[in-house]
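Structure file entry-v7.cif (mmCIF, C-alpha atoms) is printed below.
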```cif
data_structure
loop_
_atom_site.group_PDB
_atom_site.id
_atom_site.type_symbol
_atom_site.label_atom_id
_atom_site.label_comp_id
_atom_site.auth_asym_id
_atom_site.auth_seq_id
_atom_site.Cartn_x
_atom_site.Cartn_y
_atom_site.Cartn_z
ATOM 1 C CA MET A 1 7.644 23.847 -96.448
ATOM 2 C CA GLU A 2 6.248 27.114 -97.777
ATOM 3 C CA SER A 3 6.806 30.333 -95.852
ATOM 4 C CA ILE A 4 4.673 30.816 -92.744
ATOM 5 C CA LYS A 5 2.024 33.506 -93.167
ATOM 6 C CA LYS A 6 -0.610 32.717 -90.551
ATOM 7 C CA VAL A 7 -0.546 30.833 -87.233
ATOM 8 C CA GLY A 8 -3.039 30.049 -84.518
ATOM 9 C CA VAL A 9 -2.230 30.017 -80.796
ATOM 10 C CA LEU A 10 -4.193 28.455 -77.954
ATOM 11 C CA THR A 11 -3.785 27.551 -74.290
ATOM 12 C CA SER A 12 -5.179 24.215 -73.209
ATOM 13 C CA GLY A 13 -5.644 22.142 -70.052
ATOM 14 C CA GLY A 14 -4.783 23.497 -66.625
ATOM 15 C CA ASP A 15 -3.739 27.142 -66.515
ATOM 16 C CA ALA A 16 -0.228 28.084 -65.400
ATOM 17 C CA PRO A 17 1.297 31.448 -64.427
ATOM 18 C CA GLY A 18 3.353 32.641 -67.372
ATOM 19 C CA MET A 19 0.987 31.507 -70.121
ATOM 20 C CA ASN A 20 0.185 35.154 -70.895
ATOM 21 C CA ALA A 21 3.877 35.967 -71.179
ATOM 22 C CA ALA A 22 4.261 33.092 -73.653
ATOM 23 C CA ILE A 23 1.310 34.290 -75.758
ATOM 24 C CA ARG A 24 2.758 37.803 -75.786
ATOM 25 C CA ALA A 25 6.120 36.521 -77.005
ATOM 26 C CA VAL A 26 4.484 34.375 -79.697
ATOM 27 C CA VAL A 27 2.351 37.238 -81.006
ATOM 28 C CA ARG A 28 5.049 39.902 -81.072
ATOM 29 C CA SER A 29 7.729 37.579 -82.485
ATOM 30 C CA ALA A 30 5.295 36.496 -85.187
ATOM 31 C CA VAL A 31 4.239 40.031 -86.116
ATOM 32 C CA TYR A 32 7.899 41.096 -86.227
ATOM 33 C CA ASN A 33 8.346 38.372 -88.872
ATOM 34 C CA ASN A 34 5.210 39.458 -90.803
ATOM 35 C CA ILE A 35 3.137 36.489 -89.622
ATOM 36 C CA GLN A 36 -0.545 36.945 -88.874
ATOM 37 C CA VAL A 37 -1.692 35.506 -85.507
ATOM 38 C CA ILE A 38 -5.124 34.113 -84.720
ATOM 39 C CA GLY A 39 -5.923 33.695 -81.020
ATOM 40 C CA ILE A 40 -8.141 30.700 -80.241
ATOM 41 C CA LYS A 41 -10.155 31.017 -77.054
ATOM 42 C CA ARG A 42 -10.853 28.142 -74.612
ATOM 43 C CA GLY A 43 -8.263 25.780 -76.074
ATOM 44 C CA TYR A 44 -9.333 22.946 -78.341
ATOM 45 C CA GLU A 45 -12.923 23.526 -77.224
ATOM 46 C CA GLY A 46 -12.759 27.003 -78.755
ATOM 47 C CA LEU A 47 -11.069 25.684 -81.892
ATOM 48 C CA LEU A 48 -13.963 23.287 -82.454
ATOM 49 C CA SER A 49 -16.541 26.023 -81.861
ATOM 50 C CA GLY A 50 -14.718 28.683 -83.900
ATOM 51 C CA GLU A 51 -13.975 31.117 -81.060
ATOM 52 C CA ILE A 52 -11.195 33.079 -82.706
ATOM 53 C CA VAL A 53 -9.809 36.604 -82.610
ATOM 54 C CA GLU A 54 -6.961 38.223 -84.506
ATOM 55 C CA LEU A 55 -4.081 39.236 -82.253
ATOM 56 C CA GLY A 56 -1.605 42.048 -82.770
ATOM 57 C CA PRO A 57 1.080 43.770 -80.677
ATOM 58 C CA ARG A 58 -1.472 45.901 -78.811
ATOM 59 C CA SER A 59 -3.698 42.879 -78.121
ATOM 60 C CA VAL A 60 -1.057 41.521 -75.771
ATOM 61 C CA SER A 61 -0.150 44.759 -74.006
ATOM 62 C CA ASP A 62 -0.060 44.688 -70.192
ATOM 63 C CA ILE A 63 -0.477 40.915 -69.832
ATOM 64 C CA VAL A 64 3.086 39.780 -69.082
ATOM 65 C CA HIS A 65 2.490 40.197 -65.340
ATOM 66 C CA ARG A 66 -0.941 38.566 -65.219
ATOM 67 C CA GLY A 67 -1.534 35.012 -64.056
ATOM 68 C CA GLY A 68 -3.852 32.597 -65.839
ATOM 69 C CA THR A 69 -4.429 32.990 -69.576
ATOM 70 C CA PHE A 70 -6.352 35.791 -71.231
ATOM 71 C CA LEU A 71 -7.218 33.403 -74.075
ATOM 72 C CA LEU A 72 -8.972 31.207 -71.487
ATOM 73 C CA THR A 73 -8.568 27.459 -71.303
ATOM 74 C CA ALA A 74 -10.609 24.275 -71.044
ATOM 75 C CA ARG A 75 -10.346 20.515 -71.204
ATOM 76 C CA CYS A 76 -11.899 19.135 -74.378
ATOM 77 C CA GLN A 77 -13.395 15.647 -74.308
ATOM 78 C CA GLU A 78 -14.157 15.748 -78.032
ATOM 79 C CA MET A 79 -10.413 15.759 -78.805
ATOM 80 C CA MET A 80 -10.232 12.332 -77.171
ATOM 81 C CA ASN A 81 -11.874 10.691 -80.193
ATOM 82 C CA ASP A 82 -10.937 10.512 -83.877
ATOM 83 C CA GLU A 83 -14.015 12.431 -85.015
ATOM 84 C CA GLY A 84 -13.124 15.416 -82.869
ATOM 85 C CA VAL A 85 -9.523 15.457 -84.040
ATOM 86 C CA GLU A 86 -10.629 15.193 -87.668
ATOM 87 C CA ARG A 87 -12.978 18.148 -87.201
ATOM 88 C CA ALA A 88 -10.249 20.207 -85.521
ATOM 89 C CA TYR A 89 -7.911 19.443 -88.443
ATOM 90 C CA LYS A 90 -10.525 20.587 -90.963
ATOM 91 C CA ILE A 91 -11.107 23.817 -89.031
ATOM 92 C CA CYS A 92 -7.364 24.541 -89.085
ATOM 93 C CA LYS A 93 -7.508 24.087 -92.873
ATOM 94 C CA VAL A 94 -10.539 26.363 -93.191
ATOM 95 C CA LEU A 95 -8.741 29.030 -91.143
ATOM 96 C CA SER A 96 -5.720 28.661 -93.470
ATOM 97 C CA LEU A 97 -3.368 28.136 -90.537
ATOM 98 C CA ASP A 98 0.182 27.308 -91.534
ATOM 99 C CA ALA A 99 0.829 26.180 -87.973
ATOM 100 C CA LEU A 100 -0.929 25.796 -84.628
ATOM 101 C CA ILE A 101 0.978 26.776 -81.483
ATOM 102 C CA VAL A 102 -0.254 24.858 -78.426
ATOM 103 C CA ILE A 103 0.658 26.075 -74.934
ATOM 104 C CA GLY A 104 -0.102 23.446 -72.298
ATOM 105 C CA GLY A 105 0.845 20.119 -70.788
ATOM 106 C CA ASP A 106 0.861 16.415 -71.603
ATOM 107 C CA GLY A 107 -2.824 16.102 -72.556
ATOM 108 C CA SER A 108 -2.640 19.174 -74.787
ATOM 109 C CA PHE A 109 0.472 17.805 -76.505
ATOM 110 C CA HIS A 110 -1.220 14.476 -77.238
ATOM 111 C CA GLY A 111 -4.037 16.397 -78.934
ATOM 112 C CA ALA A 112 -1.435 18.294 -80.974
ATOM 113 C CA GLN A 113 0.289 15.018 -81.869
ATOM 114 C CA LYS A 114 -2.961 13.646 -83.296
ATOM 115 C CA LEU A 115 -3.433 16.801 -85.362
ATOM 116 C CA SER A 116 0.138 16.508 -86.665
ATOM 117 C CA GLN A 117 -0.589 12.992 -87.867
ATOM 118 C CA LEU A 118 -3.378 14.373 -90.049
ATOM 119 C CA GLY A 119 -1.166 17.105 -91.488
ATOM 120 C CA THR A 120 -1.440 20.133 -89.195
ATOM 121 C CA ASN A 121 1.935 21.643 -88.384
ATOM 122 C CA VAL A 122 2.059 21.986 -84.577
ATOM 123 C CA ILE A 123 4.536 23.702 -82.283
ATOM 124 C CA CYS A 124 4.102 23.013 -78.569
ATOM 125 C CA ILE A 125 5.226 25.112 -75.591
ATOM 126 C CA PRO A 126 5.361 23.317 -72.205
ATOM 127 C CA ALA A 127 3.240 25.056 -69.567
ATOM 128 C CA THR A 128 2.228 23.102 -66.473
ATOM 129 C CA ILE A 129 2.901 23.828 -62.820
ATOM 130 C CA ASP A 130 3.511 20.119 -62.150
ATOM 131 C CA LEU A 131 6.813 19.988 -64.133
ATOM 132 C CA ASP A 132 5.647 16.561 -65.335
ATOM 133 C CA LEU A 133 6.804 16.647 -68.968
ATOM 134 C CA ASP A 134 9.879 14.425 -69.164
ATOM 135 C CA CYS A 135 11.190 15.964 -72.387
ATOM 136 C CA THR A 136 12.115 19.296 -70.772
ATOM 137 C CA GLU A 137 13.896 20.437 -67.639
ATOM 138 C CA TYR A 138 11.443 23.278 -67.094
ATOM 139 C CA THR A 139 7.753 23.931 -67.674
ATOM 140 C CA ILE A 140 6.122 27.363 -67.457
ATOM 141 C CA GLY A 141 4.380 28.004 -64.126
ATOM 142 C CA PHE A 142 6.464 25.737 -61.881
ATOM 143 C CA ASP A 143 8.497 28.446 -60.157
ATOM 144 C CA THR A 144 5.432 30.561 -59.358
ATOM 145 C CA ALA A 145 3.614 27.524 -57.941
ATOM 146 C CA ILE A 146 6.619 26.684 -55.747
ATOM 147 C CA ASN A 147 6.852 30.232 -54.421
ATOM 148 C CA THR A 148 3.122 30.291 -53.661
ATOM 149 C CA GLY A 149 3.417 26.968 -51.835
ATOM 150 C CA MET A 150 6.493 28.079 -49.910
ATOM 151 C CA GLU A 151 4.847 31.313 -48.764
ATOM 152 C CA ALA A 152 1.774 29.393 -47.559
ATOM 153 C CA ILE A 153 3.959 26.869 -45.730
ATOM 154 C CA ASN A 154 5.881 29.681 -44.015
ATOM 155 C CA LYS A 155 2.624 31.066 -42.611
ATOM 156 C CA ILE A 156 1.310 27.653 -41.602
ATOM 157 C CA ARG A 157 4.606 26.924 -39.832
ATOM 158 C CA ASP A 158 4.241 30.114 -37.755
ATOM 159 C CA THR A 159 0.863 29.118 -36.324
ATOM 160 C CA SER A 160 1.816 25.431 -36.086
ATOM 161 C CA SER A 161 4.848 26.358 -34.000
ATOM 162 C CA SER A 162 2.801 28.622 -31.738
ATOM 163 C CA HIS A 163 0.289 25.874 -30.987
ATOM 164 C CA GLU A 164 2.784 22.973 -31.042
ATOM 165 C CA ARG A 165 0.782 21.246 -33.753
ATOM 166 C CA CYS A 166 1.497 18.792 -36.510
ATOM 167 C CA SER A 167 0.589 20.298 -39.886
ATOM 168 C CA LEU A 168 -0.096 18.420 -43.108
ATOM 169 C CA VAL A 169 0.016 20.678 -46.165
ATOM 170 C CA GLU A 170 -1.361 19.267 -49.429
ATOM 171 C CA VAL A 171 0.125 20.777 -52.581
ATOM 172 C CA MET A 172 -0.761 20.088 -56.203
ATOM 173 C CA GLY A 173 0.686 17.189 -58.176
ATOM 174 C CA ARG A 174 -1.601 14.328 -59.186
ATOM 175 C CA HIS A 175 0.998 12.157 -60.875
ATOM 176 C CA ALA A 176 4.294 13.869 -60.026
ATOM 177 C CA GLY A 177 5.844 14.980 -56.751
ATOM 178 C CA HIS A 178 8.066 17.822 -57.982
ATOM 179 C CA ILE A 179 6.019 20.576 -56.324
ATOM 180 C CA ALA A 180 5.873 18.658 -53.042
ATOM 181 C CA LEU A 181 9.621 17.956 -53.052
ATOM 182 C CA TRP A 182 10.591 21.552 -53.791
ATOM 183 C CA CYS A 183 8.086 22.955 -51.268
ATOM 184 C CA SER A 184 9.440 20.538 -48.661
ATOM 185 C CA ILE A 185 13.073 21.483 -49.042
ATOM 186 C CA THR A 186 12.372 25.236 -49.260
ATOM 187 C CA GLY A 187 9.780 25.126 -46.458
ATOM 188 C CA GLY A 188 11.880 23.000 -44.108
ATOM 189 C CA ALA A 189 9.451 20.078 -43.880
ATOM 190 C CA GLU A 190 10.138 17.009 -41.731
ATOM 191 C CA GLU A 191 8.495 14.657 -44.232
ATOM 192 C CA VAL A 192 7.116 14.627 -47.773
ATOM 193 C CA LEU A 193 4.727 12.166 -49.407
ATOM 194 C CA ILE A 194 4.636 11.919 -53.214
ATOM 195 C CA PRO A 195 2.933 9.703 -55.851
ATOM 196 C CA GLU A 196 6.302 8.193 -56.843
ATOM 197 C CA MET A 197 6.444 6.423 -53.492
ATOM 198 C CA ASN A 198 5.039 2.918 -53.660
ATOM 199 C CA THR A 199 3.304 3.073 -50.276
ATOM 200 C CA VAL A 200 2.458 5.611 -47.593
ATOM 201 C CA ASN A 201 2.924 4.224 -44.084
ATOM 202 C CA THR A 202 1.118 6.336 -41.491
ATOM 203 C CA GLU A 203 2.671 4.318 -38.654
ATOM 204 C CA THR A 204 6.167 5.272 -39.812
ATOM 205 C CA ILE A 205 5.160 8.950 -39.882
ATOM 206 C CA ILE A 206 3.756 8.672 -36.343
ATOM 207 C CA GLN A 207 6.966 7.019 -35.132
ATOM 208 C CA GLN A 208 8.905 9.913 -36.629
ATOM 209 C CA ILE A 209 6.663 12.479 -34.895
ATOM 210 C CA PHE A 210 7.280 10.791 -31.532
ATOM 211 C CA ALA A 211 11.020 10.672 -32.252
ATOM 212 C CA ASN A 212 10.987 14.388 -33.104
ATOM 213 C CA ARG A 213 9.168 15.146 -29.845
ATOM 214 C CA SER A 214 11.826 13.243 -27.901
ATOM 215 C CA LYS A 215 14.482 15.435 -29.568
ATOM 216 C CA GLY A 216 12.689 18.599 -28.480
ATOM 217 C CA LYS A 217 10.794 19.457 -31.675
ATOM 218 C CA THR A 218 7.491 21.005 -30.674
ATOM 219 C CA HIS A 219 5.848 20.949 -34.097
ATOM 220 C CA ASN A 220 6.018 18.923 -37.308
ATOM 221 C CA LEU A 221 5.411 19.859 -40.938
ATOM 222 C CA ILE A 222 4.514 17.218 -43.522
ATOM 223 C CA VAL A 223 3.994 18.090 -47.200
ATOM 224 C CA VAL A 224 1.662 15.823 -49.185
ATOM 225 C CA ALA A 225 1.207 15.779 -52.966
ATOM 226 C CA GLU A 226 -2.467 15.661 -53.956
ATOM 227 C CA GLY A 227 -1.893 12.421 -55.866
ATOM 228 C CA VAL A 228 -1.218 10.642 -52.579
ATOM 229 C CA GLY A 229 -4.737 11.468 -51.392
ATOM 230 C CA ASN A 230 -6.544 11.161 -48.018
ATOM 231 C CA THR A 231 -4.649 14.074 -46.447
ATOM 232 C CA THR A 232 -7.543 15.049 -44.161
ATOM 233 C CA GLN A 233 -8.073 11.470 -42.989
ATOM 234 C CA MET A 234 -4.338 11.070 -42.433
ATOM 235 C CA ALA A 235 -4.348 14.139 -40.180
ATOM 236 C CA LYS A 236 -7.223 12.695 -38.122
ATOM 237 C CA THR A 237 -5.415 9.371 -37.742
ATOM 238 C CA ILE A 238 -2.210 11.065 -36.585
ATOM 239 C CA GLU A 239 -4.119 13.150 -34.015
ATOM 240 C CA ASN A 240 -6.106 10.186 -32.715
ATOM 241 C CA ILE A 241 -3.010 8.074 -32.136
ATOM 242 C CA THR A 242 -0.520 10.717 -30.962
ATOM 243 C CA GLY A 243 -2.852 13.050 -29.098
ATOM 244 C CA ILE A 244 -1.081 15.912 -30.854
ATOM 245 C CA GLU A 245 -3.364 18.481 -32.471
ATOM 246 C CA THR A 246 -2.990 17.891 -36.226
ATOM 247 C CA ARG A 247 -4.363 20.084 -38.984
ATOM 248 C CA ALA A 248 -4.627 19.475 -42.726
ATOM 249 C CA THR A 249 -4.379 22.441 -45.090
ATOM 250 C CA ILE A 250 -5.142 21.891 -48.775
ATOM 251 C CA LEU A 251 -3.675 24.626 -50.972
ATOM 252 C CA GLY A 252 -5.460 23.447 -54.125
ATOM 253 C CA HIS A 253 -5.808 25.887 -57.002
ATOM 254 C CA LEU A 254 -4.235 28.674 -54.966
ATOM 255 C CA GLN A 255 -0.998 27.473 -56.566
ATOM 256 C CA ARG A 256 -2.266 27.994 -60.103
ATOM 257 C CA GLY A 257 -2.919 31.703 -59.644
ATOM 258 C CA GLY A 258 -0.894 34.809 -59.036
ATOM 259 C CA SER A 259 1.466 37.012 -60.992
ATOM 260 C CA PRO A 260 4.234 34.888 -62.549
ATOM 261 C CA THR A 261 7.723 35.169 -61.072
ATOM 262 C CA ALA A 262 10.602 36.663 -63.036
ATOM 263 C CA LEU A 263 11.839 33.141 -63.803
ATOM 264 C CA ASP A 264 8.490 32.083 -65.277
ATOM 265 C CA ARG A 265 8.218 35.291 -67.313
ATOM 266 C CA MET A 266 11.725 34.732 -68.657
ATOM 267 C CA HIS A 267 11.171 31.084 -69.632
ATOM 268 C CA ALA A 268 7.750 31.863 -71.116
ATOM 269 C CA SER A 269 9.075 34.750 -73.194
ATOM 270 C CA MET A 270 12.037 32.764 -74.487
ATOM 271 C CA MET A 271 9.900 29.718 -75.297
ATOM 272 C CA GLY A 272 7.350 31.860 -77.148
ATOM 273 C CA TYR A 273 10.134 33.452 -79.169
ATOM 274 C CA THR A 274 11.718 30.033 -79.843
ATOM 275 C CA ALA A 275 8.399 28.680 -81.143
ATOM 276 C CA ILE A 276 8.298 31.324 -83.878
ATOM 277 C CA GLU A 277 12.018 30.960 -84.577
ATOM 278 C CA THR A 278 11.432 27.230 -85.075
ATOM 279 C CA LEU A 279 8.732 27.971 -87.634
ATOM 280 C CA MET A 280 10.933 30.495 -89.434
ATOM 281 C CA GLN A 281 13.555 27.767 -89.763
ATOM 282 C CA LYS A 282 10.919 25.627 -91.487
ATOM 283 C CA ARG A 283 10.750 22.871 -88.871
ATOM 284 C CA LYS A 284 7.480 21.018 -88.337
ATOM 285 C CA ASN A 285 5.756 19.310 -85.433
ATOM 286 C CA ARG A 286 8.134 20.330 -82.678
ATOM 287 C CA VAL A 287 8.087 20.808 -78.911
ATOM 288 C CA VAL A 288 10.067 23.694 -77.435
ATOM 289 C CA ILE A 289 12.170 22.519 -74.496
ATOM 290 C CA PHE A 290 14.684 23.885 -71.995
ATOM 291 C CA LYS A 291 17.691 21.581 -71.581
ATOM 292 C CA ASN A 292 21.221 22.121 -70.294
ATOM 293 C CA GLY A 293 20.599 25.842 -70.034
ATOM 294 C CA LYS A 294 19.455 26.208 -73.648
ATOM 295 C CA TYR A 295 16.128 26.553 -75.463
ATOM 296 C CA GLU A 296 15.796 23.865 -78.121
ATOM 297 C CA ASP A 297 13.106 22.053 -80.078
ATOM 298 C CA ILE A 298 12.554 18.327 -80.619
ATOM 299 C CA ASP A 299 10.131 16.217 -82.625
ATOM 300 C CA ILE A 300 6.740 15.897 -80.924
ATOM 301 C CA ASN A 301 6.766 12.095 -81.111
ATOM 302 C CA GLU A 302 10.192 11.968 -79.499
ATOM 303 C CA ALA A 303 9.060 14.432 -76.831
ATOM 304 C CA LEU A 304 6.059 12.340 -75.814
ATOM 305 C CA GLU A 305 8.121 9.157 -75.683
ATOM 306 C CA CYS A 306 10.636 10.602 -73.192
ATOM 307 C CA LYS A 307 10.583 8.891 -69.796
ATOM 308 C CA LYS A 308 12.708 9.987 -66.859
ATOM 309 C CA GLU A 309 13.389 7.644 -63.962
ATOM 310 C CA TYR A 310 12.453 8.927 -60.515
ATOM 311 C CA ASP A 311 15.573 10.056 -58.637
ATOM 312 C CA ASN A 312 15.264 9.624 -54.865
ATOM 313 C CA LYS A 313 18.210 11.949 -54.135
ATOM 314 C CA LEU A 314 16.132 15.032 -53.334
ATOM 315 C CA TYR A 315 14.010 13.070 -50.864
ATOM 316 C CA GLU A 316 17.155 11.792 -49.149
ATOM 317 C CA ILE A 317 18.411 15.375 -48.830
ATOM 318 C CA ILE A 318 15.083 16.486 -47.327
ATOM 319 C CA LYS A 319 15.345 13.741 -44.695
ATOM 320 C CA MET A 320 18.949 14.633 -43.943
ATOM 321 C CA LEU A 321 18.123 18.319 -43.466
ATOM 322 C CA ALA A 322 15.164 17.436 -41.225
ATOM 323 C CA ILE A 323 17.260 15.749 -38.497
#
```
Do you think you could lay out the structure here as structure tokens?
Amino acid sequence: MESIKKVGVLTSGGDAPGMNAAIRAVVRSAVYNNIQVIGIKRGYEGLLSGEIVELGPRSVSDIVHRGGTFLLTARCQEMMNDEGVERAYKICKVLSLDALIVIGGDGSFHGAQKLSQLGTNVICIPATIDLDLDCTEYTIGFDTAINTGMEAINKIRDTSSSHERCSLVEVMGRHAGHIALWCSITGGAEEVLIPEMNTVNTETIIQQIFANRSKGKTHNLIVVAEGVGNTTQMAKTIENITGIETRATILGHLQRGGSPTALDRMHASMMGYTAIETLMQKRKNRVVIFKNGKYEDIDINEALECKKEYDNKLYEIIKMLAI
């Protein structure tokens, strides 16, 4: 592979706190190595419409602490079909990009994989609050989302305790329950419901609420991942049967925003640096990962084939600590 002279960088899919820190690290590491950086706005959508801007060290000043992504992001339906991917590949050629750095989650990586199959050199950086990429132990944005959820749960618990209520708190996580599990253990929840569970039995939850009342607990906190669904209806059912005032609080996109934590800034900065280091070492079509305390890179096809089995241990610990 010839020396890298020019790279593009984009953020795609759902935004995650720390994306700006990753862009900053990519740009400054690249410039340090005499590589020109083209910022692509609005993800693949912006690539297809030619929304580009040259980035330098000053372009990424004062963004490390900002949530979201200053390059903006979007979900691109056109990248779902071969014609869109082919057009994106041709645009990368027209822009003379030696590599395209993609910061995002699973959907963004599949788009990058398709581009790699046509000949575009892609380097992917995992950024999704859901922590649902099986190839890496950490994804940018997760820690900030957990802290946001925990702070909200702390406040909900205060008012729930005062009114002796049952509170259902819905956190993000359509296909994975990592946010819900972590928010449950750090927020001291009595129960957690996640997509990995085969069924959700409201009767069992109600039995537990009655059992908690008999032990002297005056309020209950249940964390629900959004992928489980029907949180509001579940709260109504619990109230109707138990007679206990039950409220549902849906945190939603509150968890996507906010200034990234130190942990997210650290991971984002190191992953951005590693992406450029990977290119300098002349490796192609890689995904930057964090594993066993180290930043590494693996082949994109291998990364997308990784499948981790659900481990019920954390749930068991939550139940033990809730007695």
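For the point (-6.0, 15.5, -81.7) in file coordinates, the residues within 6 Å, using only C-alpha atoms, are Met79, Val85, Gly111, Ala112, Lys114 and Leu115 of chain A.
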task = May I have the residues at most 10 Å from (10.2, 35.7, -67.7) in the file's coordinates, counting all atoms listed in the file, as a PyMOL selection string?
result = chain A and resi 18+21-22+64-65+140+260-271
Just to be explicit: take each residue in the selection above, keep C-alpha atoms, and write the result as a PDB file, in the coordinates of the input.
```
ATOM      1  CA  GLY A  18       3.353  32.641 -67.372  1.00  0.00           C
ATOM      2  CA  ALA A  21       3.877  35.967 -71.179  1.00  0.00           C
ATOM      3  CA  ALA A  22       4.261  33.092 -73.653  1.00  0.00           C
ATOM      4  CA  VAL A  64       3.086  39.780 -69.082  1.00  0.00           C
ATOM      5  CA  HIS A  65       2.490  40.197 -65.340  1.00  0.00           C
ATOM      6  CA  ILE A 140       6.122  27.363 -67.457  1.00  0.00           C
ATOM      7  CA  PRO A 260       4.234  34.888 -62.549  1.00  0.00           C
ATOM      8  CA  THR A 261       7.723  35.169 -61.072  1.00  0.00           C
ATOM      9  CA  ALA A 262      10.602  36.663 -63.036  1.00  0.00           C
ATOM     10  CA  LEU A 263      11.839  33.141 -63.803  1.00  0.00           C
ATOM     11  CA  ASP A 264       8.490  32.083 -65.277  1.00  0.00           C
ATOM     12  CA  ARG A 265       8.218  35.291 -67.313  1.00  0.00           C
ATOM     13  CA  MET A 266      11.725  34.732 -68.657  1.00  0.00           C
ATOM     14  CA  HIS A 267      11.171  31.084 -69.632  1.00  0.00           C
ATOM     15  CA  ALA A 268       7.750  31.863 -71.116  1.00  0.00           C
ATOM     16  CA  SER A 269       9.075  34.750 -73.194  1.00  0.00           C
ATOM     17  CA  MET A 270      12.037  32.764 -74.487  1.00  0.00           C
ATOM     18  CA  MET A 271       9.900  29.718 -75.297  1.00  0.00           C
TER      19      MET A 271
END
```
Produce the centre coordinates and the three edge lengths, each in Å to one decimal, of the box along x, y and z that contains all listed atoms of region 180-197 of chain A with 3 Å added on each side, as JSON.
```
{"center_x": 8.0, "center_y": 15.8, "center_z": -49.3, "size_x": 16.1, "size_y": 24.8, "size_z": 21.1}
```
key: All residues 6 Å or closer to Lys41 (chain A), only C-alpha atoms, same chain fewer than 6 positions away omitted, as a list in words   =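 In the requested form, the answer reads Glu51, Leu71 and Leu72 of chain A.
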key: Point-to-point distance in Å for CA of Ala176 (chain A) and CA of Leu304 (chain A)   =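 Calculated distance between CA of Leu304 (chain A) and CA of Ala176 (chain A) is 16.0 Å.
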request  = Just the residues within 6 Å of region 195-199 of chain A, please, counting only C-alpha atoms, with nothing from its chain fewer than 6 positions along; format it as JSON, numbers by chain.
outcome  = {"A": [175, 227, 228]}
task = Would you mind reading off the distance between CA of Tyr310 (chain A) and CA of Glu170 (chain A), one decimal, in Å?
result = 20.5 Å
request  = Would you kindly translate the PyMOL selection byres ((chain A and resi 246) around 8) into the concrete residues it picks from this file, as an MDAnalysis selection string?
outcome  = chainID A and resid 165:168 235:236 238:239 244:245 247:248
For Ile300 (chain A), list every protein, DNA or RNA residue within 9 Å, evaluated using only C-alpha atoms, and leave out those in the same chain fewer than 3 positions away; present the list as a PDB file with C-alpha atoms, in the frame of the given file.
```
ATOM      1  CA  PHE A 109       0.472  17.805 -76.505  1.00  0.00           C
ATOM      2  CA  HIS A 110      -1.220  14.476 -77.238  1.00  0.00           C
ATOM      3  CA  ALA A 112      -1.435  18.294 -80.974  1.00  0.00           C
ATOM      4  CA  GLN A 113       0.289  15.018 -81.869  1.00  0.00           C
ATOM      5  CA  SER A 116       0.138  16.508 -86.665  1.00  0.00           C
ATOM      6  CA  VAL A 122       2.059  21.986 -84.577  1.00  0.00           C
ATOM      7  CA  ILE A 123       4.536  23.702 -82.283  1.00  0.00           C
ATOM      8  CA  CYS A 124       4.102  23.013 -78.569  1.00  0.00           C
ATOM      9  CA  ASN A 285       5.756  19.310 -85.433  1.00  0.00           C
ATOM     10  CA  ARG A 286       8.134  20.330 -82.678  1.00  0.00           C
ATOM     11  CA  VAL A 287       8.087  20.808 -78.911  1.00  0.00           C
ATOM     12  CA  ASP A 297      13.106  22.053 -80.078  1.00  0.00           C
ATOM     13  CA  ALA A 303       9.060  14.432 -76.831  1.00  0.00           C
ATOM     14  CA  LEU A 304       6.059  12.340 -75.814  1.00  0.00           C
ATOM     15  CA  GLU A 305       8.121   9.157 -75.683  1.00  0.00           C
TER      16      GLU A 305
END
```
ask   = Which of these, A:Lys90, A:Ala275, A:Thr231, A:Lys217, has the shortest distance to Ile289 (chain A) once you count only C-alpha atoms?
value =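 Once distances to Ile289 (chain A) are computed over only C-alpha atoms, the minimum belongs to A:Ala275.
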ask   = Got a sec: who's within 12 Å of Asn312 (chain A), counting all atoms listed in the file, leaving out chain neighbours fewer than 6 positions off, as a VMD selection string?
value = chain A and resid 177 to 178 181 192 194 196 to 197 318 to 319
key: Å distance separating CA of Asn20 (chain A) from CA of Thr69 (chain A), one decimal place   =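 Interatomic distance, CA of Asn20 (chain A) to CA of Thr69 (chain A): 5.3 Å.
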